[in-house]
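Pasted below: final.txt, compact mmCIF, C-alpha atoms.
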```
# COMPACT_ATOMS: atom_id res chain seq x y z
CA GLU A 116 182.93 129.66 210.85
CA ALA A 117 180.04 127.25 210.30
CA GLN A 118 181.49 123.81 209.83
CA VAL A 119 181.43 120.09 210.42
CA THR A 120 184.64 118.71 211.86
CA GLN A 121 185.83 115.12 211.93
CA ASN A 122 188.70 113.50 213.80
CA PRO A 123 190.94 111.87 212.97
CA ARG A 124 191.33 112.72 209.29
CA TYR A 125 193.46 109.66 208.64
CA LEU A 126 193.60 106.41 210.59
CA ILE A 127 195.34 103.10 210.01
CA THR A 128 194.36 100.35 212.41
CA VAL A 129 194.31 96.60 212.74
CA THR A 130 191.42 94.17 212.59
CA GLY A 131 189.44 94.00 215.81
CA LYS A 132 190.80 97.09 217.53
CA LYS A 133 187.89 99.29 218.57
CA LEU A 134 187.93 102.83 217.25
CA THR A 135 185.81 105.95 217.31
CA VAL A 136 185.61 108.67 214.70
CA THR A 137 184.28 111.89 216.14
CA CYS A 138 182.00 114.36 214.37
CA SER A 139 181.01 117.77 215.61
CA GLN A 140 178.98 120.61 214.07
CA ASN A 141 178.57 124.19 215.26
CA MET A 142 175.42 125.09 213.30
CA ASN A 143 172.83 123.84 215.81
CA HIS A 144 171.62 121.31 213.25
CA GLU A 145 169.15 118.66 214.34
CA TYR A 146 169.97 116.12 211.64
CA MET A 147 173.32 114.35 211.50
CA SER A 148 174.44 111.41 209.42
CA TRP A 149 177.38 109.19 208.58
CA TYR A 150 178.30 107.99 205.10
CA ARG A 151 180.98 105.86 203.64
CA GLN A 152 182.38 106.46 200.19
CA ASP A 153 183.90 103.67 198.14
CA PRO A 154 185.11 103.83 194.52
CA GLY A 155 182.30 103.24 192.06
CA LEU A 156 179.66 103.10 194.79
CA GLY A 157 179.16 106.74 195.62
CA LEU A 158 178.12 107.56 199.17
CA ARG A 159 176.17 105.07 201.24
CA GLN A 160 174.42 106.07 204.40
CA ILE A 161 175.44 104.23 207.56
CA TYR A 162 173.38 105.84 210.33
CA TYR A 163 171.49 109.06 210.86
CA SER A 164 170.04 110.99 213.75
CA MET A 165 167.08 113.34 213.72
CA ASN A 166 167.91 114.79 217.12
CA VAL A 167 169.44 114.02 220.50
CA GLU A 168 168.88 110.39 221.53
CA VAL A 169 167.18 109.62 218.20
CA THR A 170 169.19 107.45 215.81
CA ASP A 171 168.26 105.14 212.96
CA LYS A 172 169.91 102.80 210.50
CA GLY A 173 170.86 103.84 207.03
CA ASP A 174 171.57 101.54 204.15
CA VAL A 175 174.77 99.90 205.47
CA PRO A 176 174.71 99.90 209.30
CA GLU A 177 176.33 96.50 209.91
CA GLY A 178 179.51 96.72 211.95
CA TYR A 179 178.90 100.29 213.10
CA LYS A 180 177.41 101.99 216.12
CA VAL A 181 176.51 105.60 216.79
CA SER A 182 175.31 107.71 219.66
CA ARG A 183 173.76 111.16 219.93
CA LYS A 184 174.05 112.35 223.50
CA GLU A 185 174.58 115.98 222.56
CA LYS A 186 173.16 117.93 219.66
CA ARG A 187 176.52 118.93 218.26
CA ASN A 188 178.28 115.54 218.39
CA PHE A 189 177.64 112.31 216.52
CA PRO A 190 180.50 109.80 216.94
CA LEU A 191 180.85 106.72 214.76
CA ILE A 192 182.04 103.62 216.59
CA LEU A 193 183.57 100.52 215.07
CA GLU A 194 183.60 97.92 217.82
CA SER A 195 185.62 95.36 215.87
CA PRO A 196 186.85 96.82 212.60
CA SER A 197 187.41 94.53 209.63
CA PRO A 198 189.25 95.14 206.34
CA ASN A 199 185.96 95.60 204.46
CA GLN A 200 185.39 98.74 206.52
CA THR A 201 188.38 100.36 204.88
CA SER A 202 186.80 103.42 203.32
CA LEU A 203 186.43 107.19 203.27
CA TYR A 204 183.91 108.30 205.87
CA PHE A 205 181.91 111.51 205.88
CA CYS A 206 179.81 113.06 208.56
CA ALA A 207 177.05 115.48 207.57
CA SER A 208 174.52 117.70 209.28
CA SER A 209 171.46 119.72 208.31
CA LEU A 210 168.46 121.55 209.65
CA ALA A 211 165.54 119.18 210.10
CA LEU A 212 162.84 121.30 211.69
CA SER A 213 162.75 123.83 208.84
CA GLY A 214 162.32 121.10 206.26
CA ARG A 215 165.82 121.54 204.88
CA VAL A 216 167.11 118.15 205.97
CA TYR A 217 168.38 117.43 202.47
CA GLU A 218 170.67 120.48 202.40
CA GLN A 219 173.45 118.65 204.16
CA TYR A 220 176.79 120.13 205.17
CA PHE A 221 179.60 117.60 204.99
CA GLY A 222 182.76 117.28 206.99
CA PRO A 223 186.19 116.91 205.34
CA GLY A 224 186.22 113.13 205.59
CA THR A 225 188.13 110.47 207.51
CA ARG A 226 190.27 108.03 205.56
CA LEU A 227 190.22 104.71 207.44
CA THR A 228 192.41 101.74 206.61
CA VAL A 229 191.92 98.44 208.44
CA THR A 230 194.69 95.88 207.98
CA GLY B 117 167.84 99.27 198.29
CA GLU B 118 167.27 102.29 196.13
CA SER B 119 168.92 102.75 192.77
CA VAL B 120 170.20 106.15 191.82
CA GLY B 121 172.64 105.95 188.98
CA LEU B 122 174.43 108.07 186.44
CA HIS B 123 174.72 107.62 182.69
CA LEU B 124 178.34 108.72 182.26
CA PRO B 125 181.17 108.40 184.75
CA THR B 126 183.31 111.15 183.14
CA LEU B 127 182.38 114.29 181.23
CA SER B 128 184.90 116.61 179.57
CA VAL B 129 183.85 120.08 178.44
CA GLN B 130 185.56 123.17 177.17
CA GLU B 131 185.69 126.18 179.43
CA GLY B 132 182.77 128.44 178.62
CA ASP B 133 180.58 125.67 177.26
CA ASN B 134 177.48 124.40 179.01
CA SER B 135 177.63 121.08 180.88
CA ILE B 136 174.85 118.59 181.31
CA ILE B 137 175.14 115.85 183.92
CA ASN B 138 172.49 113.16 183.94
CA CYS B 139 171.07 110.92 186.62
CA ALA B 140 168.49 108.14 186.60
CA TYR B 141 166.48 106.96 189.58
CA SER B 142 164.22 103.99 190.05
CA ASN B 143 161.91 104.81 192.95
CA SER B 144 158.67 106.51 191.93
CA ALA B 145 158.06 107.45 195.57
CA SER B 146 161.04 109.80 195.66
CA ASP B 147 160.09 113.32 196.75
CA TYR B 148 163.33 115.24 196.68
CA PHE B 149 166.33 115.13 194.45
CA ILE B 150 169.55 116.83 195.34
CA TRP B 151 172.77 117.60 193.52
CA TYR B 152 176.08 117.72 195.34
CA LYS B 153 179.52 118.76 194.14
CA GLN B 154 182.64 117.13 195.52
CA GLU B 155 186.00 118.70 194.85
CA SER B 156 189.14 116.64 195.20
CA GLY B 157 189.99 115.97 198.83
CA LYS B 158 186.85 117.59 200.20
CA GLY B 159 183.42 116.59 201.37
CA PRO B 160 180.38 116.98 199.11
CA GLN B 161 178.82 120.41 198.89
CA PHE B 162 175.11 121.06 198.37
CA ILE B 163 174.32 122.69 195.01
CA ILE B 164 170.59 122.62 194.41
CA ASP B 165 167.51 120.53 195.09
CA ILE B 166 164.21 119.95 193.37
CA ARG B 167 160.95 118.58 194.64
CA SER B 168 158.99 115.96 192.76
CA ASN B 169 156.14 118.42 192.07
CA MET B 170 158.49 120.58 190.00
CA ASP B 171 159.97 120.08 186.53
CA LYS B 172 162.66 122.70 186.66
CA ARG B 173 164.54 124.76 189.17
CA GLN B 174 167.21 127.35 188.56
CA GLY B 175 170.04 128.55 190.72
CA GLN B 176 173.11 130.59 190.07
CA ARG B 177 174.48 129.24 186.75
CA VAL B 178 172.82 125.89 187.42
CA THR B 179 169.50 124.42 186.36
CA VAL B 180 168.06 121.10 187.43
CA LEU B 181 165.46 119.38 185.29
CA LEU B 182 163.27 116.56 186.49
CA ASN B 183 161.40 114.18 184.20
CA LYS B 184 159.25 111.94 186.35
CA THR B 185 157.89 110.03 183.40
CA VAL B 186 161.25 108.47 182.65
CA LYS B 187 162.67 108.90 186.16
CA HIS B 188 165.49 111.11 185.02
CA LEU B 189 167.05 114.30 186.27
CA SER B 190 169.83 116.45 184.97
CA LEU B 191 172.08 119.22 186.18
CA GLN B 192 172.95 121.90 183.69
CA ILE B 193 175.88 124.20 184.37
CA ALA B 194 176.05 127.32 182.24
CA ALA B 195 179.36 128.76 181.05
CA THR B 196 181.40 126.06 182.74
CA GLN B 197 184.48 127.31 184.55
CA PRO B 198 187.66 125.54 185.70
CA GLY B 199 186.35 125.80 189.26
CA ASP B 200 183.44 123.57 188.26
CA SER B 201 185.80 120.62 187.83
CA ALA B 202 184.65 118.09 190.41
CA VAL B 203 182.60 114.96 190.90
CA TYR B 204 178.86 115.57 190.87
CA PHE B 205 176.43 113.34 192.72
CA CYS B 206 172.69 113.14 192.55
CA ALA B 207 170.86 111.97 195.64
CA GLU B 208 167.30 111.01 196.36
CA THR B 209 165.12 110.96 199.42
CA ARG B 210 161.50 110.98 200.40
CA ARG B 211 159.54 113.39 202.59
CA ASN B 212 159.76 112.40 206.26
CA PHE B 213 161.91 109.46 205.31
CA ASN B 214 165.28 111.01 206.16
CA LYS B 215 167.37 108.38 204.41
CA PHE B 216 169.42 109.37 201.42
CA TYR B 217 170.55 107.41 198.40
CA PHE B 218 173.40 108.69 196.29
CA GLY B 219 174.42 107.88 192.76
CA SER B 220 177.96 106.81 191.96
CA GLY B 221 178.96 110.24 190.62
CA THR B 222 180.07 111.89 187.39
CA LYS B 223 183.47 113.46 187.12
CA LEU B 224 183.41 116.77 185.27
CA ASN B 225 186.67 117.86 183.63
CA VAL B 226 186.80 121.43 182.36
CA LYS B 227 189.44 122.00 179.71
CA PRO B 228 190.94 125.51 179.47
```

Full structure transcribed into structure tokens:
Amino acid sequence: EAQVTQNPRYLITVTGKKLTVTCSQNMNHEYMSWYRQDPGLGLRQIYYSMNVEVTDKGDVPEGYKVSRKEKRNFPLILESPSPNQTSLYFCASSLALSGRVYEQYFGPGTRLTVT
Amino acid sequence: GESVGLHLPTLSVQEGDNSIINCAYSNSASDYFIWYKQESGKGPQFIIDIRSNMDKRQGQRVTVLLNKTVKHLSLQIAATQPGDSAVYFCAETRRNFNKFYFGSGTKLNVKP
């Protein structure tokens, strides 16, 4: 089944404790992206990647890191989480080379709470 | 940053009626507009897109209209069904830009 998977789905952590949210897709998509969703603000893009070893900042990259060492994986790293990073996070992927980058497939989301 | 917003946060329609969800954008350089549907507890799902050189595009039971003069787009859902109940987001991007800007969403409630 074609899908985007995220782990963990739920995470409660404390301020300053480094964490990684994994994202993996099995559709051989070039483009991958991370979003956060907060009430009343819709989805805001954190980082995106056009292909392996190519990453770029989205609209709200502060406090986050990403890496793209393999085509299928795009982990989101919070080196020192803070309470304002409490949010619902979505990973997405799409085909870039065929011009369909905007037809994104989203993962199920990761609910992160930082206390 | 970009501004992609929605006129109404909640829309209630009767099953079988047509639904119209509106979205306003502010960037004249936008090339592509996309509609996503998000059901409760799930990630957004692509519905339909439209390029800036088009005024209208139709899909299965959905039609997107783009008015570049007033920077407005709408999603029309024909014969709305209970399964259409969800939050709908418009998003905007530009060719070769690869960054996306989403609106805050409209919740569609379909009454049986």

Between atom CA of A:Ser164 and atom CA of B:Thr222, measure the distance and give it in Å to one decimal.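 For atom CA of A:Ser164 relative to atom CA of B:Thr222, the distance reads 28.2 Å.
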
Near chain B, which residues of chain A fall within 8 Å when you count only C-alpha atoms, and what do they look like as a ChimeraX atom specification? /A:155-160,163,173-174,205,216-224

Quick one: pull the distance between atom CA of B:Asp171 and atom CA of B:Lys223, Å, one decimal. 24.4 Å

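The gap separating atom CA of A:Leu126 from atom CA of A:Leu203 is 10.3 Å, in Å to one decimal.
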
Which residues come within 7 Å of A:Ile192, counting all atoms listed in the file, excluding same-chain residues fewer than 3 positions away, as a PyMOL selection string? chain A and resi 134-136+179-181
